[in-house]
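Notes follow the structure.
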Amino acid sequence: MTALPPAITGWFDARGWSIHPHQQAMLSAADQPCTLLIAPTGGGKTMAGFLPTLAELADGDHHGLHTLYISPLKALAADIRRNLTGPITEMGLPIRVEDRTGDTPSSRKKRQRADPPHILLTTPESLALMTSYEDAHRTFAGLKRVIVDEIHALAESKRGDQLMLALSRLSTLAPGLRRVGLSATVEDPKAIARLLARHPDPCEILMAAPGPNPDISMLQTTEPPPWSGGGGRYAIPAVLEEVRKHRTTLIFHNTRAQAEIFFHHLWLANEDQLPIGIHHGALAREQRERVEQAMTDGQLKAIVCTGTLDLGIDWGDVDLVIQVGAPKNVKRLVQRIGRANHRYNAPSKALIVPANRFEVIECVAALDAVRDHDLDGEARGPGPLDVLCQHILIRAAAGPFHADDLYAEVITTGAYAELSRDLFDRCLDFVATGGYALRAYDQWQRLLQRPDGQWQLRDPRATQRIRMNIGTIVDADKMQVRLHKTRGGKPLGEVEEYFASLLRKGDTFLIGGEIVRYEGMREMVVEVTRTPTQKPKIATFMGTKFATSTQLSDRILTMFRQEDWPDLPPHTRDWLHLQRQVSRLPERDRLLVESFPHDGREHLVAYGFAGRNAQQTLGLLLTQRMEAQGLNPMGFVATDYATLIWGLDRVAEAAPLFSRDNLVEAMETWLSDNAVMKRTFKGSAIIAGLIDRNMPGGKRKSGRQATFSTDILYDTLRKYDPDHLMLRITRDEAMRGLVDFGRIEEMLARIGDRIDHQRLTRVTPLAAPLFLEPGRVPVEGLANQRLLEEEATRLMQTAGLETTGT
Amino acid sequence: MNTLPFTFAGETFHARPSGALSWPAQGLLCVSDLHLGKSERMARRGGPMLPPYEGVETLAKLAEDIAATDPRTVICLGDSFDDSAAAEALDDETSEALGPLMAGRRWIWIEGNHDPGPVSVDGTHLATVTLAGITFRHIADPEKTREVSGHYHPKARVALRGRSLSRRCFLVDDRRLVLPAYGTYTGGLSCDRPELSGLMAPGARAILLGDPPVALPMPRARRDAG
């Protein structure tokens, strides 16, 4: 138990404040090796984390670094510095607080290593970088506490795995280091505690009072939602009305594309000229900062945003959160709702807007789940090996090491506690030699084993390369968008390279709420002009698509069992009744398959409820089987709950298509050449250090011959070294990521052999919206070559050139 | 494998799906920019350790083209080796694969910017070679005509109804022919970049690799096309 010194108690007393019970509990647990605090937003969580530090530093006896604070956001680190410095000054405590992120000037960073402050606020990447220096042991000697903020968000990604590996290092450099995690409400606090604690240390879990239930409901609109689509445009009048009635509203969307389109139409309808801004990850930093500043100054009535505003900082006085589109995941919904009313003990107010008819059902299910405090989450599985490979490189940059010591250190990390020595050795071998069956690089190994058994870098200059490539966030290749003829002028934002490659001169698209016209490309910059058109020709760039969680899908399937649905609006209720009348409703332990002719083609719908990624994979696997059976499938489209396949021939027997053996076999064939696998490979190859993302001495070369596609590396490895570690990593990664085969297996286990094939004469009510769904995938075969030849003939004729060849 | 026959400098050439050029009248097969030893060179310089199989893969492809065309002469049009040291340090698999390919035919290594001097590999080492009035050199000379070169690794991108395709390509106009890179670990330079759009005359065509290769007007910077 740490007693609070008078300087601190006096400060609280002078303001008439008392210490929250969970803040007191944190003080009492200050000596524990590991503590996890779960508290709702606005509960004084950060102060709870820092109070023991302030108490321990009050006497001024500690020299050097005492507490390290890590947050997932740079901006949060800076914000916490301001929020801590105020009270520390007012309390008159002899404590120095500094932050350190990618934005910190290098002179200050250097000084911080030699003469660290008492409290250093940083990010996982900056911390990993600090541990890569030869003097890391000096910087961190004497470190007592580490505070991981927003650990629930970090725990979901490789950034969290990298952070925990860095902590394993710190625990060696500073024995007795105590760990503290601060988390929003989560479904499984024990899982987070396991990640945080130094294995096998115990971790005490403190739960703050949860606060009042949120005031959450579905937005009532005069117009019913459309049958398909994801924009929520129909709700714009009702949304504007709510914005008018509240001080500040956050309007969340699931993708950047949807946020852009919604923002555009919101402004067209915004007759009162309410100040409304937009904020998402693809906007230029300057533009985001301007919106953040306007928000802080209370100048905005509303912000249309994406996940970028999920975390952290209190911007202004938000009193309403609107979620447009089904939340897909109850936990994220709850955390978003928490963004409204950052005051303890005041209920947050939120509205959700289903974007289409099916989402009405999903939203009702999500609302029930929020009321029942039934959160969802997928277990993450063992720590990813690409992150471990990068960790080994970082360790090597800091100086020579014994493999035994590093292994012992790594398995104190919760996510890597079960890592076998054999697998660790394969990762080390990969880092040292490339890990190829053909031992080609004996002379040029990256790590060498010295006579004393320690591993060290062959070329000490490699440290620069390693440090430049630290981090686990891998973005798609992006291109900047700038206004034409404003070289060095302000960037508008970024688009994915793939999107840019589809543009032709004169195409119009949306960015930052503006419609712009594509003019051309210059040195990896997309140049555009402003245009007065009303309607953009190309919707907008792609974004990530979340899959609906298993728990939420289960809730929907459970709802389908009801006789009637009094909670649903009449239009949706009638729709379900009609479906039950002409076919049947999907059930949790059965698989409903419908087939019917439509528009001169045969159609098949499988209601697997396995989430978008898995349904997409299912579409690829099923069409492959159908192709093999000569059923001539032509294409498919997938949503979170179903896959629709069309083709020339009718499927007489559906059940054999869904046998596990059949699907697994199809999976093996399909994996061999697949864009999803290649994309996954690229991400892991960058993290593991197989390829560099940044090169010393400048930017990426501008399209010169030197760079080649990582797809070639993937193909070469598969052909010549199929057991290579990188392929194993890619496979593990894809199986639980974009391919999501895990959820197909879950579905197969759930349905067993209970497959109900309904043969019908026409489209069913539940299937109808699928026909309007965008993102149709053609079944390829030789399609590319044929399209190319057609296009070539057209172009040659247009240009008045003869068509050469046979 | 289907080839695309085309006429250049009054002669009939075939573009092969692999990126090789064949000239049946002369019994010639020509490939450019093999970049053998590239992975070795990158590792040697402290860069990434890429899968060391690209030499074997490139030569396997070349073996197929040789088997299909049975040429009397093979011209490797420069940058055959990623650098001179890489030529000396070829792994056993790669050197062993090279021998049988070279046996019984005339083999010409043209010098490239990566491999300027002669290397200790069999065959004839030349700066340029001229056959039937057509000159083979590594880097195109803007002043010359009737020449075949490599160096630039041209590729072209075409938008096709909602999808976009980027492929290596030959470039050909009335004066010159530029070959795509043949090596496995080689990237490409888009033909709408000034280096290539300036080199090629108006009316130039790009022949995109495929089975068969496909000819279309050479894509240029969209601003020019405006």
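Following the order of the structure tokens, chains are lettered A, B, ..., residues in each are numbered from 1, and ligands are numbered from 1.
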task: Identify, on the basis of only C-alpha atoms, every residue whose closest approach to Val321 in chain A does not exceed 9 Å; exclude the query and any residue fewer than 6 positions from it along the same chain; express the result as a PyMOL selection string.
output: chain A and resi 248-252+336-340+348-352
Got a sec to pull out which chain B residues are within 7 Å of chain A, counting only C-alpha atoms, and send them as a PDB file with C-alpha atoms, in the first residue's frame?
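The file below, selection10.pdb, is the result:
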```pdb
ATOM      1  CA  LEU B   4       2.931 -13.219 -81.403  1.00  0.00           C
ATOM      2  CA  PRO B   5       4.647 -12.701 -84.775  1.00  0.00           C
ATOM      3  CA  PHE B   6       5.328  -9.103 -85.748  1.00  0.00           C
ATOM      4  CA  ALA B  43      22.526 -10.326 -49.230  1.00  0.00           C
ATOM      5  CA  ARG B  44      26.200  -9.498 -49.778  1.00  0.00           C
ATOM      6  CA  GLY B  46      23.581  -6.358 -46.138  1.00  0.00           C
ATOM      7  CA  PRO B  48      17.311  -8.647 -47.434  1.00  0.00           C
ATOM      8  CA  MET B  49      18.036 -12.338 -47.864  1.00  0.00           C
ATOM      9  CA  LEU B  50      15.583 -13.210 -50.623  1.00  0.00           C
ATOM     10  CA  PRO B  51      14.729 -16.775 -51.624  1.00  0.00           C
ATOM     11  CA  PRO B  52      17.920 -17.807 -53.481  1.00  0.00           C
ATOM     12  CA  TYR B  53      16.116 -19.624 -56.278  1.00  0.00           C
ATOM     13  CA  TYR B 152      14.547  -0.370 -69.200  1.00  0.00           C
ATOM     14  CA  HIS B 153      12.432  -3.369 -68.115  1.00  0.00           C
ATOM     15  CA  ALA B 159      -7.574  -0.655 -67.456  1.00  0.00           C
ATOM     16  CA  LEU B 160     -10.106  -3.306 -68.381  1.00  0.00           C
ATOM     17  CA  ARG B 163      -9.973  -4.194 -63.289  1.00  0.00           C
ATOM     18  CA  SER B 164      -6.475  -3.130 -64.065  1.00  0.00           C
ATOM     19  CA  TYR B 185      13.607 -10.937 -59.687  1.00  0.00           C
ATOM     20  CA  THR B 186      13.177  -7.921 -61.914  1.00  0.00           C
ATOM     21  CA  GLY B 187      10.685  -5.117 -61.625  1.00  0.00           C
ATOM     22  CA  GLY B 188       9.421  -2.933 -64.393  1.00  0.00           C
ATOM     23  CA  LEU B 189       9.440   0.659 -65.561  1.00  0.00           C
ATOM     24  CA  VAL B 214      -1.062  -9.052 -76.979  1.00  0.00           C
ATOM     25  CA  ALA B 215      -0.192  -5.914 -78.954  1.00  0.00           C
ATOM     26  CA  LEU B 216      -1.771  -2.545 -78.282  1.00  0.00           C
ATOM     27  CA  PRO B 217      -0.873   1.127 -78.739  1.00  0.00           C
ATOM     28  CA  ARG B 222      -2.554  10.329 -69.534  1.00  0.00           C
ATOM     29  CA  ARG B 223      -1.942  14.030 -69.582  1.00  0.00           C
TER      30      ARG B 223
END
```
field: Close residues, Asn356 in chain A itself excluded, 7 Å, only C-alpha atoms, min 3 positions apart in chain, as JSON, numbers by chain
entry: {"A": [225, 226, 227, 228, 229, 230, 359, 360]}
Mind dumping the selected residues with N, CA, C and O atoms as a PDB file, in the first residue's frame?
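What landed in result-v4.pdb:
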```pdb
ATOM      1  N   PRO A 225     -35.315   1.756 -44.423  1.00  0.00           N
ATOM      2  CA  PRO A 225     -33.997   1.568 -45.037  1.00  0.00           C
ATOM      3  C   PRO A 225     -34.122   0.784 -46.341  1.00  0.00           C
ATOM      4  O   PRO A 225     -35.052   0.002 -46.496  1.00  0.00           O
ATOM      5  N   PRO A 226     -33.200   0.979 -47.279  1.00  0.00           N
ATOM      6  CA  PRO A 226     -33.268   0.280 -48.560  1.00  0.00           C
ATOM      7  C   PRO A 226     -32.969  -1.211 -48.396  1.00  0.00           C
ATOM      8  O   PRO A 226     -32.552  -1.656 -47.327  1.00  0.00           O
ATOM      9  N   TRP A 227     -33.165  -1.961 -49.479  1.00  0.00           N
ATOM     10  CA  TRP A 227     -32.959  -3.411 -49.404  1.00  0.00           C
ATOM     11  C   TRP A 227     -31.493  -3.792 -49.301  1.00  0.00           C
ATOM     12  O   TRP A 227     -31.150  -4.851 -48.807  1.00  0.00           O
ATOM     13  N   SER A 228     -30.627  -2.971 -49.828  1.00  0.00           N
ATOM     14  CA  SER A 228     -29.208  -3.340 -49.743  1.00  0.00           C
ATOM     15  C   SER A 228     -28.385  -2.072 -49.676  1.00  0.00           C
ATOM     16  O   SER A 228     -28.920  -0.969 -49.687  1.00  0.00           O
ATOM     17  N   GLY A 229     -27.068  -2.249 -49.616  1.00  0.00           N
ATOM     18  CA  GLY A 229     -26.189  -1.090 -49.593  1.00  0.00           C
ATOM     19  C   GLY A 229     -25.743  -0.790 -48.174  1.00  0.00           C
ATOM     20  O   GLY A 229     -26.251  -1.367 -47.213  1.00  0.00           O
ATOM     21  N   GLY A 230     -24.781   0.108 -48.059  1.00  0.00           N
ATOM     22  CA  GLY A 230     -24.216   0.347 -46.739  1.00  0.00           C
ATOM     23  C   GLY A 230     -24.112   1.805 -46.358  1.00  0.00           C
ATOM     24  O   GLY A 230     -23.521   2.137 -45.333  1.00  0.00           O
ATOM     25  N   GLU A 359     -29.759  -5.205 -41.965  1.00  0.00           N
ATOM     26  CA  GLU A 359     -29.078  -4.613 -40.812  1.00  0.00           C
ATOM     27  C   GLU A 359     -30.045  -4.184 -39.720  1.00  0.00           C
ATOM     28  O   GLU A 359     -29.642  -3.996 -38.576  1.00  0.00           O
ATOM     29  N   VAL A 360     -31.327  -3.999 -40.074  1.00  0.00           N
ATOM     30  CA  VAL A 360     -32.318  -3.715 -39.033  1.00  0.00           C
ATOM     31  C   VAL A 360     -32.296  -4.859 -38.009  1.00  0.00           C
ATOM     32  O   VAL A 360     -32.245  -4.640 -36.798  1.00  0.00           O
TER      33      VAL A 360
END
```
message: To test your reading of the structure, identify every residue in range 84-128 of chain B that backbone DSSP assigns to alpha helix (DSSP H), and report it as a VMD selection string.
response: chain B and resid 84 to 88 92 to 102
Could the residues in this selection be saved with C-alpha atoms as a PDB file, in the first residue's frame?
```pdb
ATOM      1  CA  SER B  84      30.531  -9.012 -61.917  1.00  0.00           C
ATOM      2  CA  ALA B  85      31.007 -10.501 -58.465  1.00  0.00           C
ATOM      3  CA  ALA B  86      27.601 -12.171 -58.768  1.00  0.00           C
ATOM      4  CA  ALA B  87      28.746 -13.807 -62.001  1.00  0.00           C
ATOM      5  CA  GLU B  88      31.725 -15.289 -60.155  1.00  0.00           C
ATOM      6  CA  ASP B  92      26.226 -24.571 -58.156  1.00  0.00           C
ATOM      7  CA  GLU B  93      22.640 -25.175 -59.271  1.00  0.00           C
ATOM      8  CA  THR B  94      22.685 -22.113 -61.513  1.00  0.00           C
ATOM      9  CA  SER B  95      26.077 -22.781 -63.108  1.00  0.00           C
ATOM     10  CA  GLU B  96      25.168 -26.420 -63.679  1.00  0.00           C
ATOM     11  CA  ALA B  97      21.944 -25.395 -65.397  1.00  0.00           C
ATOM     12  CA  LEU B  98      23.770 -22.981 -67.689  1.00  0.00           C
ATOM     13  CA  GLY B  99      26.213 -25.511 -69.221  1.00  0.00           C
ATOM     14  CA  PRO B 100      23.736 -27.724 -71.106  1.00  0.00           C
ATOM     15  CA  LEU B 101      21.902 -24.673 -72.437  1.00  0.00           C
ATOM     16  CA  MET B 102      25.056 -23.288 -74.007  1.00  0.00           C
TER      17      MET B 102
END
```
- request: Provide the CA of Ala127 in chain B to CA of Ile110 in chain B distance in Å, to one decimal place.
  value: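 Separation of CA of Ala127 in chain B and CA of Ile110 in chain B: 5.4 Å.
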message: I want to know what sits within 6 Å of range 392-403 of chain A, based on only C-alpha atoms, with residues of the same chain fewer than 2 positions away left out; could you give that as number ranges by chain?
response: A: 132-134, 389-390, 405-406, 454-456, 463
Could you write out that same residue set with C-alpha atoms as a PDB file, in the first residue's frame?
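Result file again_18.pdb:
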```pdb
ATOM      1  CA  SER A 132      17.255  -1.500 -30.127  1.00  0.00           C
ATOM      2  CA  TYR A 133      20.040   0.853 -28.961  1.00  0.00           C
ATOM      3  CA  GLU A 134      23.251  -0.414 -27.425  1.00  0.00           C
ATOM      4  CA  CYS A 389      11.345 -12.422 -36.084  1.00  0.00           C
ATOM      5  CA  GLN A 390      11.363  -8.624 -35.964  1.00  0.00           C
ATOM      6  CA  ASP A 405      18.677 -16.193 -22.857  1.00  0.00           C
ATOM      7  CA  LEU A 406      16.495 -14.701 -25.556  1.00  0.00           C
ATOM      8  CA  GLN A 454      26.609 -15.423 -28.858  1.00  0.00           C
ATOM      9  CA  TRP A 455      24.778 -14.192 -31.949  1.00  0.00           C
ATOM     10  CA  GLN A 456      25.654 -10.849 -33.443  1.00  0.00           C
ATOM     11  CA  THR A 463      21.367  -1.607 -37.321  1.00  0.00           C
TER      12      THR A 463
END
```
statement: Atom pair CA of Ala78 in chain A + CA of Ile147 in chain A, distance 15.2 Å
message: Based on the backbone DSSP call, show me all residues of range 96-176 of chain B assigned strand (DSSP E), as a PyMOL selection string.
response: chain B and resi 106-110+124-126+129-131+134-136+147-149+154-160+163-172+176
Write the residues you've just listed into a file as an mmCIF file, in the first residue's frame, and include C-alpha atoms for each of them.
```cif
data_model
loop_
_atom_site.group_PDB
_atom_site.id
_atom_site.type_symbol
_atom_site.label_atom_id
_atom_site.label_comp_id
_atom_site.auth_asym_id
_atom_site.auth_seq_id
_atom_site.Cartn_x
_atom_site.Cartn_y
_atom_site.Cartn_z
ATOM 1 C CA ARG B 106 26.727 -19.752 -80.371
ATOM 2 C CA TRP B 107 26.212 -17.828 -77.148
ATOM 3 C CA ILE B 108 26.728 -14.063 -76.952
ATOM 4 C CA TRP B 109 26.838 -12.071 -73.739
ATOM 5 C CA ILE B 110 26.247 -8.387 -74.511
ATOM 6 C CA THR B 124 31.438 -14.618 -76.458
ATOM 7 C CA HIS B 125 31.479 -11.264 -74.663
ATOM 8 C CA LEU B 126 30.685 -8.252 -76.839
ATOM 9 C CA VAL B 129 26.513 -7.365 -82.239
ATOM 10 C CA THR B 130 24.918 -6.767 -85.670
ATOM 11 C CA LEU B 131 22.988 -9.415 -87.591
ATOM 12 C CA ILE B 134 20.085 -5.064 -87.072
ATOM 13 C CA THR B 135 22.173 -4.099 -84.035
ATOM 14 C CA PHE B 136 21.760 -5.667 -80.590
ATOM 15 C CA GLU B 147 18.330 -1.684 -83.082
ATOM 16 C CA VAL B 148 17.201 -4.145 -80.432
ATOM 17 C CA SER B 149 17.892 -3.310 -76.777
ATOM 18 C CA PRO B 154 9.322 -1.907 -69.768
ATOM 19 C CA LYS B 155 5.887 -2.763 -68.448
ATOM 20 C CA ALA B 156 2.448 -1.441 -69.313
ATOM 21 C CA ARG B 157 -0.776 -1.033 -67.425
ATOM 22 C CA VAL B 158 -4.197 -1.331 -69.033
ATOM 23 C CA ALA B 159 -7.574 -0.655 -67.456
ATOM 24 C CA LEU B 160 -10.106 -3.306 -68.381
ATOM 25 C CA ARG B 163 -9.973 -4.194 -63.289
ATOM 26 C CA SER B 164 -6.475 -3.130 -64.065
ATOM 27 C CA LEU B 165 -3.697 -5.262 -65.433
ATOM 28 C CA SER B 166 0.026 -4.539 -65.369
ATOM 29 C CA ARG B 167 2.360 -6.719 -67.423
ATOM 30 C CA ARG B 168 5.882 -6.717 -68.749
ATOM 31 C CA CYS B 169 6.006 -5.799 -72.420
ATOM 32 C CA PHE B 170 8.039 -5.370 -75.584
ATOM 33 C CA LEU B 171 8.013 -1.878 -77.075
ATOM 34 C CA VAL B 172 8.336 -1.479 -80.810
ATOM 35 C CA ARG B 176 13.748 0.270 -82.374
#
```
query: For His14 in chain B, which of B:Ala67, B:Ala140, B:Leu209, B:Ala201 is the closest residue, counting only C-alpha atoms?
result: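 With only C-alpha atoms as the atom set, the closest residue is B:Leu209.
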message: If we count only C-alpha atoms and set the cut-off at 12 Å, which residues sit around His246 in chain A, ignoring sequence neighbours fewer than 3 positions away in its own chain? Please answer as a VMD selection string.
response: chain A and resid 239 to 243 249 to 250 274 300 to 302 317 to 322 340 to 341 349 to 350
Restricting the output to all heavy atoms, write the selected residues as a short mmCIF file (atom, residue, chain, number, x, y, z; two decimals), in the first residue's frame.
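This is the output file part_33.cif:
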```
data_model
loop_
_atom_site.label_atom_id
_atom_site.label_comp_id
_atom_site.auth_asym_id
_atom_site.auth_seq_id
_atom_site.Cartn_x
_atom_site.Cartn_y
_atom_site.Cartn_z
N VAL A 239 -30.82 12.29 -39.31
CA VAL A 239 -29.52 12.51 -38.68
C VAL A 239 -29.28 14.01 -38.48
O VAL A 239 -28.85 14.46 -37.41
CB VAL A 239 -28.38 11.88 -39.52
CG1 VAL A 239 -27.01 12.37 -39.05
CG2 VAL A 239 -28.44 10.36 -39.45
N LEU A 240 -29.60 14.80 -39.50
CA LEU A 240 -29.42 16.26 -39.38
C LEU A 240 -30.27 16.82 -38.24
O LEU A 240 -29.84 17.70 -37.50
CB LEU A 240 -29.80 16.94 -40.70
CG LEU A 240 -28.69 17.10 -41.73
CD1 LEU A 240 -29.23 17.73 -42.99
CD2 LEU A 240 -27.54 17.93 -41.17
N GLU A 241 -31.47 16.28 -38.12
CA GLU A 241 -32.37 16.73 -37.05
C GLU A 241 -31.73 16.47 -35.68
O GLU A 241 -31.74 17.34 -34.81
CB GLU A 241 -33.70 15.97 -37.19
CG GLU A 241 -34.84 16.50 -36.34
CD GLU A 241 -35.01 18.01 -36.45
OE1 GLU A 241 -34.95 18.52 -37.59
OE2 GLU A 241 -35.18 18.67 -35.41
N GLU A 242 -31.11 15.29 -35.52
CA GLU A 242 -30.46 14.96 -34.25
C GLU A 242 -29.24 15.86 -34.01
O GLU A 242 -28.99 16.30 -32.89
CB GLU A 242 -30.02 13.48 -34.23
CG GLU A 242 -31.16 12.49 -34.24
CD GLU A 242 -32.04 12.59 -32.99
OE1 GLU A 242 -31.53 12.99 -31.92
OE2 GLU A 242 -33.24 12.28 -33.10
N VAL A 243 -28.50 16.12 -35.07
CA VAL A 243 -27.32 16.99 -34.94
C VAL A 243 -27.75 18.37 -34.43
O VAL A 243 -27.13 18.96 -33.54
CB VAL A 243 -26.59 17.13 -36.30
CG1 VAL A 243 -25.55 18.24 -36.27
CG2 VAL A 243 -25.95 15.80 -36.69
N THR A 249 -22.07 15.96 -32.07
CA THR A 249 -22.41 14.59 -32.43
C THR A 249 -21.25 13.95 -33.18
O THR A 249 -20.66 14.58 -34.07
CB THR A 249 -23.65 14.58 -33.34
OG1 THR A 249 -24.71 15.30 -32.69
CG2 THR A 249 -24.11 13.18 -33.65
N LEU A 250 -20.90 12.73 -32.80
CA LEU A 250 -19.95 11.95 -33.60
C LEU A 250 -20.75 10.98 -34.45
O LEU A 250 -21.58 10.24 -33.91
CB LEU A 250 -18.98 11.15 -32.71
CG LEU A 250 -17.94 11.91 -31.91
CD1 LEU A 250 -17.03 10.92 -31.18
CD2 LEU A 250 -17.10 12.81 -32.81
N LEU A 274 -24.93 23.92 -40.95
CA LEU A 274 -24.35 23.53 -39.65
C LEU A 274 -22.88 23.18 -39.87
O LEU A 274 -22.55 22.53 -40.86
CB LEU A 274 -25.08 22.30 -39.10
CG LEU A 274 -26.57 22.46 -38.81
CD1 LEU A 274 -27.18 21.10 -38.46
CD2 LEU A 274 -26.77 23.43 -37.65
N LEU A 300 -17.44 22.77 -33.96
CA LEU A 300 -18.16 21.85 -34.84
C LEU A 300 -19.40 21.28 -34.16
O LEU A 300 -19.38 20.95 -32.98
CB LEU A 300 -17.24 20.70 -35.28
CG LEU A 300 -16.08 21.08 -36.19
CD1 LEU A 300 -15.23 19.85 -36.49
CD2 LEU A 300 -16.58 21.70 -37.48
N LYS A 301 -20.46 21.16 -34.94
CA LYS A 301 -21.68 20.53 -34.43
C LYS A 301 -21.59 19.02 -34.57
O LYS A 301 -22.22 18.28 -33.83
CB LYS A 301 -22.90 21.03 -35.22
CG LYS A 301 -23.39 22.41 -34.82
CD LYS A 301 -23.97 22.44 -33.41
CE LYS A 301 -25.39 21.85 -33.35
NZ LYS A 301 -25.89 21.88 -31.96
N ALA A 302 -20.85 18.57 -35.57
CA ALA A 302 -20.78 17.12 -35.81
C ALA A 302 -19.51 16.78 -36.58
O ALA A 302 -18.97 17.60 -37.31
CB ALA A 302 -22.00 16.65 -36.59
N ASP A 317 -17.18 18.52 -26.50
CA ASP A 317 -18.22 18.14 -25.59
C ASP A 317 -19.24 17.27 -26.33
O ASP A 317 -20.32 17.71 -26.67
CB ASP A 317 -18.88 19.45 -25.10
CG ASP A 317 -19.57 19.23 -23.78
OD1 ASP A 317 -19.54 18.08 -23.29
OD2 ASP A 317 -20.14 20.19 -23.26
N VAL A 318 -18.85 16.02 -26.57
CA VAL A 318 -19.71 15.13 -27.35
C VAL A 318 -20.88 14.65 -26.51
O VAL A 318 -20.69 14.11 -25.42
CB VAL A 318 -18.90 13.91 -27.86
CG1 VAL A 318 -19.81 12.95 -28.60
CG2 VAL A 318 -17.76 14.37 -28.73
N ASP A 319 -22.12 14.88 -26.96
CA ASP A 319 -23.26 14.38 -26.19
C ASP A 319 -24.11 13.40 -26.97
O ASP A 319 -25.12 12.92 -26.48
CB ASP A 319 -24.12 15.54 -25.64
CG ASP A 319 -24.60 16.47 -26.75
OD1 ASP A 319 -24.09 16.33 -27.88
OD2 ASP A 319 -25.46 17.31 -26.49
N LEU A 320 -23.69 13.08 -28.21
CA LEU A 320 -24.42 12.05 -28.96
C LEU A 320 -23.47 11.32 -29.90
O LEU A 320 -22.65 11.94 -30.56
CB LEU A 320 -25.56 12.68 -29.77
CG LEU A 320 -26.35 11.70 -30.67
CD1 LEU A 320 -27.13 10.70 -29.83
CD2 LEU A 320 -27.27 12.44 -31.61
N VAL A 321 -23.61 9.99 -29.92
CA VAL A 321 -22.88 9.19 -30.89
C VAL A 321 -23.90 8.53 -31.81
O VAL A 321 -24.88 7.96 -31.33
CB VAL A 321 -22.02 8.11 -30.19
CG1 VAL A 321 -21.59 7.04 -31.18
CG2 VAL A 321 -20.80 8.74 -29.55
N ILE A 322 -23.69 8.65 -33.12
CA ILE A 322 -24.55 7.95 -34.07
C ILE A 322 -23.69 6.94 -34.81
O ILE A 322 -22.64 7.28 -35.34
CB ILE A 322 -25.19 8.94 -35.08
CG1 ILE A 322 -26.11 9.92 -34.34
CG2 ILE A 322 -25.99 8.16 -36.13
CD1 ILE A 322 -26.80 10.94 -35.25
N ALA A 340 -19.50 9.30 -26.17
CA ALA A 340 -20.43 10.37 -25.83
C ALA A 340 -20.41 10.53 -24.32
O ALA A 340 -20.48 9.56 -23.59
CB ALA A 340 -21.84 10.01 -26.30
N ASN A 341 -20.33 11.73 -23.89
CA ASN A 341 -20.33 12.04 -22.47
C ASN A 341 -19.18 11.43 -21.72
O ASN A 341 -19.31 10.43 -21.04
CB ASN A 341 -21.65 11.56 -21.83
CG ASN A 341 -22.44 12.76 -21.42
OD1 ASN A 341 -21.88 13.85 -21.30
ND2 ASN A 341 -23.71 12.58 -21.21
N LYS A 349 -25.27 8.71 -24.66
CA LYS A 349 -26.42 8.62 -25.53
C LYS A 349 -25.98 8.24 -26.94
O LYS A 349 -25.06 8.82 -27.49
CB LYS A 349 -27.15 9.96 -25.56
CG LYS A 349 -28.46 9.89 -26.30
CD LYS A 349 -29.27 11.13 -26.10
CE LYS A 349 -30.54 11.05 -26.95
NZ LYS A 349 -31.17 12.34 -27.08
N ALA A 350 -26.66 7.23 -27.50
CA ALA A 350 -26.27 6.77 -28.82
C ALA A 350 -27.47 6.33 -29.64
O ALA A 350 -28.46 5.87 -29.09
CB ALA A 350 -25.28 5.61 -28.71
#
```
- prompt: Pick the closest to Arg220 in chain B from B:Leu208, B:Leu199, B:Leu28, B:Cys191: which is it, counting only C-alpha atoms?
  reply: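 Closest to Arg220 in chain B of all the choices is B:Cys191.
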